[in-house]
Protein chains: 2
Amino acid sequence: MTTTRRRSAGSPAGVARKEVIIRAAAKVFAQNGFSVATVRDVADEADMLSGSLYYYFDSKESIVEQVLVEYFDTQIRAYEQALDGAQDAADRLERLVAEALRSTVTHREHLLILQNDWQYVGPMAGIVERQSQIEKLWLRTIQEGIDEGALRSDIDARMMYRTILGAVQTVIRWFDPRGRVTIDEVIAVQTAILLDGVRSPD
Amino acid sequence: MTTTRRRSAGSPAGVARKEVIIRAAAKVFAQNGFSVATVRDVADEADMLSGSLYYYFDSKESIVEQVLVEYFDTQIRAYEQALDGAQDAADRLERLVAEALRSTVTHREHLLILQNDWQYVGPMAGIVERQSQIEKLWLRTIQEGIDEGALRSDIDARMMYRTILGAVQTVIRWFDPRGRVTIDEVIAVQTAILLDGVRSPD
DNA sequence: GTCTATAGTCAGATAGAC
DNA sequence: GTCTATCTGACTATAGAC
């Protein structure tokens, strides 16, 4: 019985091992920042030595890219699911806001990396592409809301998108998952302020 | 005639030189990020050699702290001036939002450092203190608005503050001072959305 | 696959000449 | 005050044993 066989019978052991590294990297990069965290820190967290990481990844950069690409692919599905079964455009926008806020808890580490190290990870090919996919999904929803008359027509859809997302994304900088305020309370507050702010005056 | 005398007759030459370094550091740290930028980069930008910086500063950390403390002291005065002569609490809040947005143009570099490298600069003594001073100023204004009945009373002042500031602060990530959209247009859009969102329903 | 060992580079900071 | 020169340590990445 080899070490390989013991780790996982059905699937190749390398795949599972790669996942362990990716999870370790998410934690370490989120905690210390991408440029300050070292590949040794990641290796420690994954219970291996730094040299061994290079069997799975070409570079430190390729590790963080994999970490974030995996997150984006999950998040895009979450957004699409949130839109399914919504009544009207205003309802769809509210669901996007709620989902974005929930992700600050469920994917805290990935969002911290994205925000803190945007300068380094933003230009990576796999990220540019997925980021724009998410932006399109929001813009489509907002534009439909404007066209339907549910959202105010005096403000550009992209400006609305940026204002809303700015408010939502920075929640991660102060929200404490173990604090007294729950994420559902934050969702209630922010949807109240932001949706009231962009709704069409009747 | 010594080099010292030539630089400035009345005031000590060292003071002016220190300002040159601080300006160079603001530019370099904003451009590359604090952890990636090197003291050699700062020295290059200030037209000196890296060793010479240590005549004026104890460490790389102390340079960035000075850079930001200087900014905060300017910004606190700007906020107080913005509040002067305002009619009511809603007007005062609108002026704070406008001033915060204007600062993303006038103090772009400092705000980029604060946001990108908050993990490293946030805990510094001189910054914690001034940051909380600014927060108090916002919270006081918002609470007065709630008490006067101008702002909605179903939402906590601190939650309002955080939602508004989140939207405002992230403008720096997409706003291009040389682009087609002016900062006054951004002010118009954001005050419209955010003030409408927090105003009391009549 | 994971290890040991190390090459190669560059960082922050200091000492002492001028 | 600013320079030259350098120390010490830490980093990413690689080579080759096992």
# chains A, B, ... in the order shown; residues from 1 in each chain; ligands from 1
>>> interface_residues(of="chain D", to="chain B", cutoff="9 Å", atoms="only C-alpha atoms (C1' of nucleotides)", output="list in words")
DG1, DT2 and DC3 of chain D
>>> calpha_fit_rmsd(fixed="chain B", moving="chain A")
0.1 Å
>>> interface_residues(of="chain B", to="chain A", cutoff="6 Å", atoms="only C-alpha atoms", output="number ranges by chain")
B: 116, 163, 166-167, 170, 193-194, 196-198
>>> closest_atom_pairs(of="chain C", to="chain B", cutoff="12 Å", atoms="only C-alpha atoms (C1' of nucleotides)", output="CSV")
residue,atom,partner,partner_atom,distance
C:DC10,C1',B:Thr38,CA,10.1
C:DA11,C1',B:Thr38,CA,7.6
C:DG12,C1',B:Val39,CA,7.8
C:DA13,C1',B:Ser59,CA,8.1
C:DT14,C1',B:Gly51,CA,8.5
C:DA15,C1',B:Gly51,CA,10.8
>>> select_by_dssp(residues="chain A", states="helix (DSSP H, G or I)", output="VMD selection string")
chain A and resid 3 to 7 13 to 32 39 to 45 50 to 56 60 to 83 89 to 106 108 to 116 118 to 121 125 to 148 157 to 173 183 to 198
>>> closest_residue(among="B:Arg23, B:Glu94, B:Thr104, B:Leu83", to="Gln66 in chain B", atoms="only C-alpha atoms")
B:Arg23
>>> residues_around(residues="Gln133 in chain B", least_positions_apart="3", cutoff="12 Å", atoms="only C-alpha atoms (C1' of nucleotides)", output="list in words")
Phe72, Asp73, Gln75, Ile76, Arg77, Tyr79, Glu80, Gly126, Ile127, Val128, Glu129, Arg130, Lys136, Leu137, Trp138, Leu139 and Arg140 of chain B
>>> residues_around(residues="range 142-144 of chain B", least_positions_apart="6", cutoff="9 Å", atoms="only C-alpha atoms (C1' of nucleotides)", output="short mmCIF file (atom, residue, chain, number, x, y, z; two decimals) with C-alpha atoms, in the first residue's frame")
data_model
loop_
_atom_site.label_atom_id
_atom_site.label_comp_id
_atom_site.auth_asym_id
_atom_site.auth_seq_id
_atom_site.Cartn_x
_atom_site.Cartn_y
_atom_site.Cartn_z
CA ALA B 89 -27.88 68.06 9.35
CA ALA B 90 -28.86 66.66 5.95
CA ARG B 92 -23.93 68.77 6.51
CA LEU B 93 -23.98 65.09 5.54
CA ALA B 150 -34.12 64.53 8.60
CA LEU B 151 -32.58 61.05 8.36
CA ASP B 156 -28.14 52.66 13.18
CA ALA B 157 -25.93 55.73 12.60
CA ARG B 158 -22.77 53.62 12.41
CA MET B 160 -25.32 54.32 7.75
CA TYR B 161 -21.81 55.73 8.05
#
>>> atom_distance(atom1="CA of Thr106 in chain B", atom2="CA of Ile22 in chain B")
16.1 Å
>>> atom_distance(atom1="CA of Ala43 in chain B", atom2="CA of Ala24 in chain B")
7.8 Å
>>> atom_distance(atom1="CA of Val20 in chain A", atom2="CA of Glu61 in chain A")
16.9 Å
>>> residues_around(residues="DA7 in chain C", least_positions_apart="2", cutoff="10 Å", atoms="only C-alpha atoms (C1' of nucleotides)", output="number ranges by chain")
C: 5, 9; D: 13-15
>>> write_last_selection(atoms="N, CA and C atoms (P, O5', C5', C4', C3', O3' and C1' of nucleotides)", output="compact mmCIF listing (two decimals), in the first residue's frame")
# COMPACT_ATOMS: atom_id res chain seq x y z
P DA C 5 20.43 18.50 4.21
O5' DA C 5 20.91 19.37 2.96
C5' DA C 5 21.21 18.72 1.73
C4' DA C 5 21.47 19.77 0.68
C3' DA C 5 22.12 21.05 1.21
O3' DA C 5 23.27 21.34 0.43
C1' DA C 5 20.23 21.58 -0.07
P DT C 9 21.58 36.24 -10.27
O5' DT C 9 20.57 37.12 -9.41
C5' DT C 9 19.18 36.77 -9.40
C4' DT C 9 18.49 37.42 -8.23
C3' DT C 9 18.86 38.90 -8.04
O3' DT C 9 17.72 39.68 -8.36
C1' DT C 9 18.69 37.71 -5.96
P DA D 13 8.42 31.95 -7.94
O5' DA D 13 9.57 30.93 -8.31
C5' DA D 13 10.76 31.45 -8.88
C4' DA D 13 11.84 30.37 -8.89
C3' DA D 13 11.40 29.01 -9.43
O3' DA D 13 12.06 28.79 -10.67
C1' DA D 13 12.77 28.81 -7.48
P DT D 14 11.78 27.42 -11.50
O5' DT D 14 13.08 26.58 -11.09
C5' DT D 14 14.35 27.23 -11.14
C4' DT D 14 15.44 26.26 -10.71
C3' DT D 14 15.31 24.85 -11.28
O3' DT D 14 16.57 24.47 -11.81
C1' DT D 14 15.57 24.75 -8.94
P DA D 15 16.68 23.16 -12.76
O5' DA D 15 17.72 22.26 -11.96
C5' DA D 15 18.73 22.87 -11.14
C4' DA D 15 19.50 21.78 -10.42
C3' DA D 15 19.42 20.41 -11.08
O3' DA D 15 20.67 19.75 -10.91
C1' DA D 15 18.42 20.30 -8.93
